[in-house]
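Just entry.txt here, compact mmCIF, C-alpha atoms and all ligand atoms:
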# COMPACT_ATOMS: atom_id res chain seq x y z
CA MET A 29 -11.58 25.58 16.35
CA ARG A 30 -12.23 22.41 18.39
CA ILE A 31 -13.03 18.79 17.61
CA VAL A 32 -16.58 18.07 18.77
CA ASP A 33 -17.19 14.59 17.37
CA ALA A 34 -15.50 11.72 15.54
CA ARG A 35 -17.33 8.83 13.91
CA VAL A 36 -15.83 5.44 13.02
CA ILE A 37 -17.64 4.11 9.96
CA VAL A 38 -17.38 0.47 8.86
CA THR A 39 -18.73 -0.34 5.43
CA CYS A 40 -18.44 -3.19 2.93
CA PRO A 41 -19.16 -2.05 -0.64
CA GLY A 42 -17.69 -5.31 -1.98
CA ARG A 43 -14.89 -5.31 0.66
CA ASN A 44 -14.55 -3.91 4.17
CA PHE A 45 -13.31 -0.39 4.89
CA VAL A 46 -12.92 1.45 8.19
CA THR A 47 -13.06 5.26 7.99
CA LEU A 48 -12.73 7.95 10.65
CA LYS A 49 -14.61 11.19 10.19
CA ILE A 50 -13.63 14.07 12.48
CA ILE A 51 -16.12 16.92 13.00
CA THR A 52 -15.24 20.38 14.30
CA ASP A 53 -17.35 23.03 16.02
CA GLU A 54 -17.09 25.20 12.88
CA GLY A 55 -18.56 22.45 10.69
CA VAL A 56 -15.28 21.61 8.92
CA THR A 57 -14.81 17.84 8.66
CA GLY A 58 -11.91 15.54 7.75
CA VAL A 59 -11.62 11.86 6.82
CA GLY A 60 -8.94 9.23 7.41
CA ASP A 61 -8.63 5.58 6.32
CA ALA A 62 -8.18 3.00 9.12
CA THR A 63 -8.65 -0.24 7.14
CA LEU A 64 -6.53 -3.25 8.16
CA ASN A 65 -7.45 -6.12 5.85
CA GLY A 66 -8.78 -9.14 7.76
CA ARG A 67 -8.50 -7.36 11.15
CA GLU A 68 -10.81 -4.40 10.53
CA LEU A 69 -12.80 -4.49 13.77
CA ALA A 70 -9.67 -4.41 15.93
CA VAL A 71 -8.88 -0.94 14.57
CA GLU A 72 -12.52 0.10 14.71
CA ALA A 73 -12.66 -0.77 18.44
CA TYR A 74 -9.26 0.85 19.12
CA LEU A 75 -10.48 4.10 17.57
CA ARG A 76 -13.95 4.01 19.12
CA GLU A 77 -12.89 3.04 22.65
CA HIS A 78 -9.39 4.49 23.03
CA VAL A 79 -8.90 7.34 20.57
CA VAL A 80 -12.18 9.16 19.88
CA PRO A 81 -12.67 10.14 23.58
CA LEU A 82 -9.18 11.71 23.56
CA LEU A 83 -9.93 13.81 20.49
CA ILE A 84 -12.97 15.66 21.79
CA GLY A 85 -12.07 19.25 22.64
CA ARG A 86 -8.64 19.16 20.93
CA ASP A 87 -7.49 21.82 18.48
CA PRO A 88 -7.50 20.10 15.02
CA ALA A 89 -4.69 22.39 13.84
CA ARG A 90 -2.18 20.68 16.17
CA ILE A 91 -1.37 17.74 13.90
CA GLU A 92 2.14 16.96 15.16
CA ASP A 93 1.18 17.31 18.82
CA THR A 94 -1.85 15.03 18.33
CA TRP A 95 0.35 12.47 16.55
CA GLN A 96 2.85 12.48 19.43
CA TYR A 97 0.02 12.37 21.98
CA LEU A 98 -1.47 9.23 20.41
CA TYR A 99 1.89 7.55 19.68
CA GLN A 100 3.83 8.32 22.86
CA GLY A 101 0.74 8.64 24.98
CA ALA A 102 -0.35 5.04 24.39
CA TYR A 103 2.98 3.86 25.88
CA TRP A 104 2.52 0.70 23.72
CA ARG A 105 4.10 2.00 20.55
CA ARG A 106 3.79 0.85 16.95
CA GLY A 107 2.02 -2.23 15.58
CA PRO A 108 -0.46 -2.32 12.69
CA VAL A 109 -3.58 -1.73 14.81
CA THR A 110 -2.22 1.28 16.70
CA MET A 111 -0.55 2.82 13.67
CA SER A 112 -3.64 2.41 11.44
CA ALA A 113 -5.68 4.20 14.12
CA VAL A 114 -3.09 6.98 14.48
CA ALA A 115 -2.98 7.23 10.68
CA ALA A 116 -6.72 7.77 10.44
CA VAL A 117 -6.60 10.67 12.90
CA ASP A 118 -3.54 12.21 11.26
CA THR A 119 -5.01 11.95 7.74
CA ALA A 120 -8.30 13.52 8.85
CA LEU A 121 -6.44 16.41 10.52
CA TRP A 122 -4.45 17.12 7.32
CA ASP A 123 -7.77 17.10 5.44
CA ILE A 124 -9.17 19.66 7.89
CA LYS A 125 -6.02 21.82 7.71
CA GLY A 126 -6.22 21.90 3.92
CA LYS A 127 -9.89 22.89 4.01
CA VAL A 128 -9.21 25.64 6.55
CA ALA A 129 -6.29 26.95 4.48
CA GLY A 130 -8.31 26.67 1.25
CA LEU A 131 -5.49 24.58 -0.31
CA PRO A 132 -5.05 21.02 -1.55
CA VAL A 133 -2.91 19.14 0.98
CA TYR A 134 0.07 18.78 -1.38
CA GLN A 135 0.47 22.58 -1.21
CA LEU A 136 0.88 22.34 2.57
CA LEU A 137 3.57 19.67 2.06
CA GLY A 138 5.75 21.98 -0.04
CA GLY A 139 3.89 22.07 -3.35
CA ARG A 140 4.24 19.91 -6.41
CA SER A 141 7.58 18.34 -7.33
CA ARG A 142 6.17 16.77 -10.53
CA GLU A 143 3.26 17.09 -12.93
CA GLY A 144 1.57 13.77 -12.12
CA VAL A 145 1.96 10.60 -10.05
CA THR A 146 3.18 7.66 -12.16
CA VAL A 147 1.19 4.55 -11.25
CA TYR A 148 1.47 0.86 -11.99
CA GLY A 149 -1.36 -1.59 -12.62
CA HIS A 150 -1.60 -5.36 -12.15
CA ALA A 151 -1.40 -7.55 -15.24
CA ASN A 152 -1.97 -11.18 -14.34
CA GLY A 153 -3.01 -14.44 -15.89
CA GLU A 154 -3.02 -18.19 -15.37
CA THR A 155 -0.94 -18.76 -18.52
CA VAL A 156 1.82 -16.72 -20.16
CA ASP A 157 -0.47 -15.94 -23.12
CA GLU A 158 -3.08 -14.58 -20.73
CA VAL A 159 -0.38 -12.50 -19.01
CA LEU A 160 0.71 -11.00 -22.34
CA ALA A 161 -2.89 -10.07 -23.20
CA GLU A 162 -3.28 -8.39 -19.79
CA VAL A 163 -0.02 -6.42 -20.13
CA ALA A 164 -1.29 -5.22 -23.53
CA ARG A 165 -4.55 -4.12 -21.92
CA PHE A 166 -2.72 -1.98 -19.35
CA VAL A 167 -0.46 -0.49 -22.01
CA ASP A 168 -3.58 0.38 -24.05
CA LEU A 169 -5.09 2.04 -20.97
CA GLY A 170 -2.03 4.30 -20.87
CA TYR A 171 -0.08 2.73 -18.00
CA ARG A 172 3.67 3.37 -18.03
CA ALA A 173 4.46 0.66 -15.48
CA VAL A 174 2.94 -2.81 -15.08
CA ARG A 175 3.23 -5.43 -12.36
CA VAL A 176 3.36 -8.91 -13.89
CA GLN A 177 2.08 -12.00 -12.00
CA SER A 178 1.60 -15.40 -13.57
CA GLY A 179 0.08 -18.72 -12.61
CA VAL A 180 2.67 -21.43 -11.94
CA PRO A 181 2.26 -24.85 -13.63
CA GLY A 182 1.48 -27.44 -10.97
CA LEU A 183 0.04 -24.95 -8.45
CA ALA A 184 -3.75 -24.59 -8.28
CA LYS A 185 -3.65 -20.94 -7.17
CA THR A 186 -0.87 -18.35 -7.15
CA TYR A 187 -0.67 -15.00 -5.36
CA GLY A 188 -1.62 -12.10 -7.63
CA VAL A 189 -3.59 -14.08 -10.21
CA SER A 190 -7.30 -13.35 -10.06
CA ALA A 191 -10.48 -14.06 -11.94
CA ASP A 192 -11.54 -10.40 -11.84
CA LYS A 193 -8.58 -8.65 -13.42
CA MET A 194 -9.25 -5.04 -12.44
CA PHE A 195 -10.39 -5.46 -8.80
CA TYR A 196 -8.21 -8.14 -7.24
CA GLU A 197 -9.43 -8.93 -3.72
CA PRO A 198 -7.51 -11.63 -1.86
CA ALA A 199 -9.62 -11.53 1.35
CA ASP A 200 -12.05 -14.00 -0.11
CA ALA A 201 -13.80 -15.96 2.65
CA ALA A 202 -15.34 -15.72 6.13
CA LEU A 203 -12.56 -18.05 7.33
CA PRO A 204 -9.10 -18.19 5.71
CA THR A 205 -8.84 -20.31 2.57
CA GLU A 206 -5.64 -22.36 2.13
CA THR A 207 -3.33 -22.34 -0.87
CA VAL A 208 -0.33 -24.56 -1.70
CA TRP A 209 3.12 -23.28 -2.62
CA SER A 210 6.24 -24.69 -4.25
CA THR A 211 9.34 -22.51 -4.46
CA ALA A 212 10.96 -24.91 -6.95
CA ARG A 213 8.02 -24.68 -9.39
CA TYR A 214 7.89 -20.88 -9.02
CA LEU A 215 11.63 -20.33 -9.57
CA ALA A 216 11.61 -22.63 -12.60
CA HIS A 217 8.71 -20.75 -14.25
CA THR A 218 9.07 -17.03 -13.48
CA PRO A 219 12.14 -15.96 -15.55
CA GLY A 220 10.51 -17.42 -18.70
CA VAL A 221 7.42 -15.25 -18.12
CA PHE A 222 9.53 -12.09 -18.10
CA ALA A 223 11.48 -13.24 -21.15
CA ARG A 224 8.20 -13.43 -23.10
CA VAL A 225 6.96 -10.07 -21.78
CA ARG A 226 10.20 -8.29 -22.76
CA GLU A 227 10.18 -10.00 -26.17
CA GLU A 228 6.66 -8.73 -26.80
CA PHE A 229 6.82 -5.23 -25.26
CA GLY A 230 10.45 -4.19 -25.75
CA PRO A 231 13.04 -2.86 -23.32
CA THR A 232 11.47 0.34 -21.95
CA LEU A 233 8.08 -0.57 -20.42
CA ARG A 234 8.58 -0.53 -16.64
CA LEU A 235 7.96 -4.03 -15.24
CA LEU A 236 7.53 -5.08 -11.62
CA HIS A 237 6.95 -8.35 -9.81
CA ASP A 238 5.71 -9.19 -6.30
CA VAL A 239 7.16 -12.29 -4.59
CA HIS A 240 4.87 -11.69 -1.59
CA HIS A 241 7.43 -12.65 1.09
CA ARG A 242 7.82 -16.27 -0.07
CA LEU A 243 11.57 -16.85 -0.52
CA THR A 244 14.66 -17.13 1.64
CA PRO A 245 17.43 -14.58 1.02
CA ILE A 246 19.52 -16.95 -1.12
CA GLU A 247 16.48 -18.02 -3.17
CA ALA A 248 15.61 -14.35 -3.66
CA ALA A 249 19.19 -13.66 -4.74
CA ARG A 250 18.91 -16.41 -7.34
CA LEU A 251 15.58 -15.07 -8.64
CA GLY A 252 16.93 -11.50 -8.77
CA ARG A 253 19.94 -12.65 -10.75
CA SER A 254 17.86 -14.71 -13.17
CA LEU A 255 15.63 -11.67 -13.82
CA GLU A 256 18.52 -9.27 -14.51
CA PRO A 257 18.28 -9.61 -18.34
CA TYR A 258 14.68 -8.33 -18.15
CA ALA A 259 15.57 -5.13 -16.25
CA LEU A 260 12.75 -5.02 -13.69
CA THR A 261 11.95 -1.69 -12.05
CA TRP A 262 11.57 -3.66 -8.84
CA LEU A 263 11.29 -7.09 -7.28
CA GLU A 264 8.86 -6.71 -4.38
CA ASP A 265 8.89 -8.35 -0.95
CA PRO A 266 11.32 -11.11 -1.96
CA VAL A 267 11.60 -12.31 1.67
CA PRO A 268 9.66 -11.71 4.88
CA ALA A 269 11.07 -8.35 5.94
CA GLU A 270 11.13 -8.57 9.73
CA PHE A 271 14.79 -9.63 9.48
CA GLN A 272 16.23 -6.53 7.85
CA GLU A 273 19.80 -7.86 7.81
CA GLY A 274 18.64 -10.73 5.55
CA PHE A 275 18.54 -8.27 2.65
CA ARG A 276 22.35 -7.95 2.75
CA LEU A 277 22.66 -11.37 1.19
CA ILE A 278 20.27 -10.49 -1.65
CA ARG A 279 22.20 -7.28 -2.33
CA GLN A 280 25.51 -9.14 -2.58
CA HIS A 281 24.23 -11.24 -5.47
CA THR A 282 21.95 -9.20 -7.71
CA THR A 283 21.46 -5.77 -9.29
CA THR A 284 17.69 -6.28 -9.64
CA PRO A 285 16.20 -3.38 -7.62
CA ILE A 286 14.38 -4.39 -4.44
CA ALA A 287 11.15 -2.93 -3.01
CA THR A 288 9.67 -3.79 0.36
CA GLY A 289 7.57 -2.41 3.18
CA GLU A 290 3.81 -2.88 2.69
CA VAL A 291 3.56 -4.54 6.11
CA PHE A 292 5.81 -1.95 7.81
CA ASN A 293 4.16 0.45 10.19
CA SER A 294 6.97 2.79 11.25
CA VAL A 295 10.39 4.02 10.22
CA TRP A 296 11.85 1.63 12.82
CA ASP A 297 10.94 -1.30 10.54
CA ALA A 298 13.22 0.04 7.83
CA THR A 299 16.15 1.89 9.40
CA THR A 300 18.77 -0.79 8.55
CA LEU A 301 17.27 -1.36 5.10
CA ILE A 302 17.42 2.35 4.30
CA ARG A 303 20.67 3.31 6.08
CA GLU A 304 22.60 0.49 4.40
CA GLN A 305 20.82 1.00 1.05
CA LEU A 306 19.65 -2.62 1.05
CA ILE A 307 16.46 -1.63 -0.78
CA ASP A 308 15.65 0.78 -3.59
CA TYR A 309 11.98 1.52 -2.82
CA VAL A 310 10.16 1.68 0.51
CA ARG A 311 6.55 0.58 0.03
CA THR A 312 4.47 1.37 3.08
CA THR A 313 1.60 3.86 2.81
CA VAL A 314 -0.45 6.43 4.68
CA VAL A 315 -2.83 4.12 6.60
CA ARG A 316 -0.15 1.55 7.46
CA ALA A 317 2.48 3.96 8.72
CA GLY A 318 0.80 6.45 11.03
CA GLY A 319 -0.57 8.85 8.46
CA ILE A 320 0.89 11.60 6.29
CA THR A 321 3.02 12.91 9.18
CA HIS A 322 4.95 9.69 9.79
CA LEU A 323 5.04 8.50 6.16
CA ARG A 324 6.66 11.85 5.28
CA ARG A 325 9.27 11.14 7.96
CA ILE A 326 10.01 7.70 6.46
CA PHE A 327 10.27 9.10 2.93
CA ASP A 328 12.53 11.96 4.09
CA TYR A 329 14.85 9.47 5.84
CA ALA A 330 14.80 7.37 2.65
CA ALA A 331 15.63 10.42 0.51
CA LEU A 332 18.85 10.95 2.45
CA HIS A 333 19.93 7.43 1.43
CA HIS A 334 18.81 7.53 -2.22
CA VAL A 335 15.87 5.23 -1.54
CA ARG A 336 12.61 6.12 -3.31
CA SER A 337 8.94 5.78 -2.38
CA GLY A 338 6.65 3.10 -3.81
CA SER A 339 3.40 3.51 -1.90
CA HIS A 340 1.24 0.43 -1.51
CA GLY A 341 -2.09 0.94 -3.30
CA ALA A 342 -3.98 -2.35 -3.29
CA THR A 343 -7.79 -2.32 -3.17
CA ASP A 344 -7.78 -2.74 0.62
CA LEU A 345 -6.31 0.78 0.92
CA SER A 346 -9.45 2.88 0.62
CA PRO A 347 -9.91 5.85 -1.73
CA VAL A 348 -9.23 8.03 1.35
CA CYS A 349 -5.78 6.46 1.74
CA LEU A 350 -5.11 6.70 -1.99
CA ALA A 351 -6.09 10.37 -2.08
CA ALA A 352 -3.78 11.12 0.85
CA ALA A 353 -0.90 9.15 -0.69
CA LEU A 354 -1.26 11.11 -3.95
CA HIS A 355 -0.72 14.44 -2.18
CA LEU A 356 2.47 13.11 -0.62
CA ASP A 357 3.58 11.47 -3.88
CA LEU A 358 3.25 14.79 -5.67
CA ALA A 359 5.24 16.72 -3.07
CA ILE A 360 8.22 14.58 -2.04
CA PRO A 361 11.54 14.80 -3.92
CA ASN A 362 12.19 11.03 -3.91
CA PHE A 363 8.94 9.71 -5.37
CA GLY A 364 9.34 6.36 -7.14
CA LEU A 365 6.02 4.80 -8.14
CA GLN A 366 2.48 4.55 -6.79
CA GLU A 367 0.56 1.28 -6.94
CA TYR A 368 -2.95 1.74 -8.34
CA MET A 369 -5.43 -1.08 -8.08
CA ARG A 370 -8.78 0.31 -9.08
CA HIS A 371 -11.75 0.26 -6.72
CA THR A 372 -15.15 -1.03 -7.77
CA GLU A 373 -17.97 1.32 -8.77
CA GLU A 374 -19.71 0.59 -5.43
CA THR A 375 -16.58 1.61 -3.48
CA ASP A 376 -16.08 4.74 -5.59
CA ALA A 377 -19.72 5.72 -4.94
CA VAL A 378 -19.26 5.39 -1.16
CA PHE A 379 -16.07 7.50 -1.32
CA PRO A 380 -16.70 10.41 -3.72
CA HIS A 381 -13.31 11.76 -4.79
CA GLY A 382 -11.67 14.21 -7.14
CA TYR A 383 -8.47 12.35 -8.06
CA HIS A 384 -8.32 11.07 -11.62
CA PHE A 385 -6.23 8.85 -13.91
CA ALA A 386 -4.94 10.17 -17.23
CA ASP A 387 -2.14 8.99 -19.46
CA GLY A 388 -0.50 6.72 -16.90
CA TYR A 389 -0.61 9.30 -14.11
CA LEU A 390 -2.92 9.87 -11.16
CA HIS A 391 -3.66 13.47 -10.26
CA PRO A 392 -4.97 14.47 -6.83
CA ALA A 393 -7.97 16.78 -6.60
CA GLU A 394 -7.25 20.51 -6.69
CA THR A 395 -9.97 21.22 -4.11
CA PRO A 396 -9.06 22.21 -0.52
CA GLY A 397 -8.05 19.30 1.73
CA LEU A 398 -7.61 15.75 0.42
CA GLY A 399 -10.46 15.95 -2.09
CA VAL A 400 -12.20 12.79 -0.88
CA ASP A 401 -15.15 12.11 1.43
CA ILE A 402 -17.38 9.32 2.67
CA ASP A 403 -21.09 9.26 1.78
CA GLU A 404 -22.42 7.94 5.08
CA GLU A 405 -25.87 7.11 3.73
CA ALA A 406 -24.37 5.02 0.95
CA ALA A 407 -21.91 3.43 3.41
CA ALA A 408 -24.80 2.35 5.67
CA ARG A 409 -26.23 0.23 2.85
CA TYR A 410 -23.19 -2.11 3.03
CA PRO A 411 -22.81 -3.75 6.49
CA TYR A 412 -19.52 -5.32 7.62
CA SER A 413 -18.92 -8.80 6.26
CA PRO A 414 -16.10 -10.91 7.79
CA ALA A 415 -13.36 -11.69 5.25
CA TYR A 416 -9.88 -13.12 5.84
CA LEU A 417 -6.73 -13.21 3.77
CA PRO A 418 -5.68 -16.76 2.75
CA VAL A 419 -2.98 -18.81 4.45
CA ASN A 420 -0.39 -20.72 2.51
CA ARG A 421 1.25 -24.15 2.95
CA LEU A 422 4.08 -26.03 1.29
CA GLU A 423 3.18 -29.23 -0.57
CA ASP A 424 3.98 -31.26 2.60
CA GLY A 425 1.60 -29.13 4.69
CA THR A 426 4.13 -26.82 6.39
CA LEU A 427 2.78 -23.32 6.95
CA HIS A 428 4.55 -20.81 4.68
CA PRO A 429 4.18 -17.02 4.18
CA TRP A 430 1.16 -16.23 2.01
O1 LIG A 501 -4.29 -7.04 2.05
C1 LIG A 501 -3.14 -7.58 1.45
C2 LIG A 501 -2.85 -6.87 0.15
O2 LIG A 501 -2.78 -5.50 0.34
C3 LIG A 501 -1.57 -7.35 -0.49
O3 LIG A 501 -1.63 -8.73 -0.67
C4 LIG A 501 -1.40 -6.67 -1.83
O4 LIG A 501 0.89 -7.34 -1.96
C5 LIG A 501 0.01 -6.60 -2.29
C6 LIG A 501 0.33 -5.52 -3.23
O5 LIG A 501 1.49 -5.36 -3.54
O6 LIG A 501 -0.59 -4.83 -3.66
MG MG A 502 2.84 -6.51 -2.42
Mind turning this structure into structure tokens?
Ligand code: KDG
Ligand code: MG
Amino acid sequence: MRIVDARVIVTCPGRNFVTLKIITDEGVTGVGDATLNGRELAVEAYLREHVVPLLIGRDPARIEDTWQYLYQGAYWRRGPVTMSAVAAVDTALWDIKGKVAGLPVYQLLGGRSREGVTVYGHANGETVDEVLAEVARFVDLGYRAVRVQSGVPGLAKTYGVSADKMFYEPADAALPTETVWSTARYLAHTPGVFARVREEFGPTLRLLHDVHHRLTPIEAARLGRSLEPYALTWLEDPVPAEFQEGFRLIRQHTTTPIATGEVFNSVWDATTLIREQLIDYVRTTVVRAGGITHLRRIFDYAALHHVRSGSHGATDLSPVCLAAALHLDLAIPNFGLQEYMRHTEETDAVFPHGYHFADGYLHPAETPGLGVDIDEEAAARYPYSPAYLPVNRLEDGTLHPW
């Protein structure tokens, strides 16, 4: 079997997605997600100009060799653009291998290690009362784990709080919007939110919170300590994670579990964090980290150090990425949690898929391959529309992580 064609499809059914479809001479096809929120066309051009020509004529069965060819062969290793492109190829090749074998991809990864993939949803509100109502909604929907984000008094807009509760999309304008941040206001407000949530929902509902990279290590340590009575499953991205050693300080001060990694694109971003057990969950996902092949490598390294997975699953990770992540989630021994932000009806129609939600779990399709595809006719009805993530400033105008 040989690869005869590969198409890079950009579509915007409410938000932008970049998808690679690989076609073989025997008519078997595979899909991979290549979406990089706010920088979509960089990956589209990388694939179209520098990857697709190298795929033609290759044997699609040689997944590892193709991964090494694209990673080592570029000479310029890593980075979100390169690794999203490599991920798309890798994911599509696993899809093809599953279809050729007649097996869902999780069977090729060692078979199921659990019955379903526990997911968490996003409860958020401007006020604490709104937050409580949203947590109740997710509990009623069957969720066993809920991320809680609240508006902060005195701040006009806060990360994670959206008007449309089910389909949060932060890339909201053709040029970046600007928001204002105050660490003091946030630290004063947040523990009280969790106190109310625990009071209302009891001690066992799994609760999470995303700081979105906004604190320094000592501020994060203080927040982690103040949240200890509310027993969070994880505190996410408490600090910008480029400086891995910074997490040592957080660890010295709090037992609140730490999750990080949605902006990581290789195991090299997390070796200190994992080796020294400075985190409890590593949160990158298939499209960010070079596909199923490399994400498996990260999760296996994490397993050796008692660190669990927590795959990123925001709406900017397409249904193709989510489907691929679910196969890995089901197979690995050290699965932690899978984020699940639902896609809109338009997106779901462009990406027909067989995974389904039931009783707090996602279940991948049982059909051969990943069990997801792209409807190219439907995709063509939604042309690319530029959209950027916001930028964030302190009250005095200093640029701050968003
Ligand atoms: O594109 C950026 C989003 O994926 C990110 O802001 C979402 O932090 C996020 C999360 O945990 O889902
Ligand atoms: Mg996050």
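Every residue having at least one atom no farther than 6 Å from ligand LIG 501 (chain A) is included below, with all atoms listed in the file taken into account: A:Asn65, A:His240, A:His340, A:Gly341, A:Ala342, A:Asp344.
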Requested in this report: Could you check which of A:Glu264, A:Glu143, A:Glu158, A:Asp118 is closest to A:Ala386, using all atoms listed in the file?
Outcome: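 The shortest atom-to-atom distance to A:Ala386 comes from A:Glu143.
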Requested in this report: Dump the neighbourhood of ligand MG 502 (chain A) as number ranges by chain: all residues within 12 Å, distances computed on all atoms listed in the file.
Outcome: A: 150, 175-177, 187-188, 198, 236-242, 262-269, 286-292, 310-313, 338-344, 366-369, 430
What are the closest atom pairs, with distances in Å to one decimal, for all residues of stretch 261-315 of chain A lying within 8 Å of stretch 253-257 of chain A? Consider all atoms listed in the file, order rows by chain and residue number, and present the result as a tab-separated table.
residue	atom	partner	partner_atom	distance
A:His281	CA	A:Arg253	CA	6.9
A:Thr282	CA	A:Arg253	CA	5.0
A:Thr283	CA	A:Glu256	CA	6.9
A:Thr284	CA	A:Glu256	CA	5.8
Query - Contacts of A:Pro396 at 7 Å (all atoms listed in the file; same-chain gap of 2+ positions) as a PyMOL selection string - result: chain A and resi 126-127+130-132+394+398-399
Report summary line: Correct to one decimal, the distance atom CA of A:Val335-atom CA of A:Tyr309 is 5.5 Å
**Report entry** A:Gly60, A:Pro418, A:Gly388, A:Pro347 ranked by distance to A:His371, top pick (using all atoms listed in the file)
**Finding:** A:Pro347
Report task. Kindly give the distance, in Å, that separates atom CA of A:Gln100 and atom CA of A:Ala113, rounded to a single decimal. Result ->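 Pair atom CA of A:Gln100 / atom CA of A:Ala113 returns 13.6 Å.
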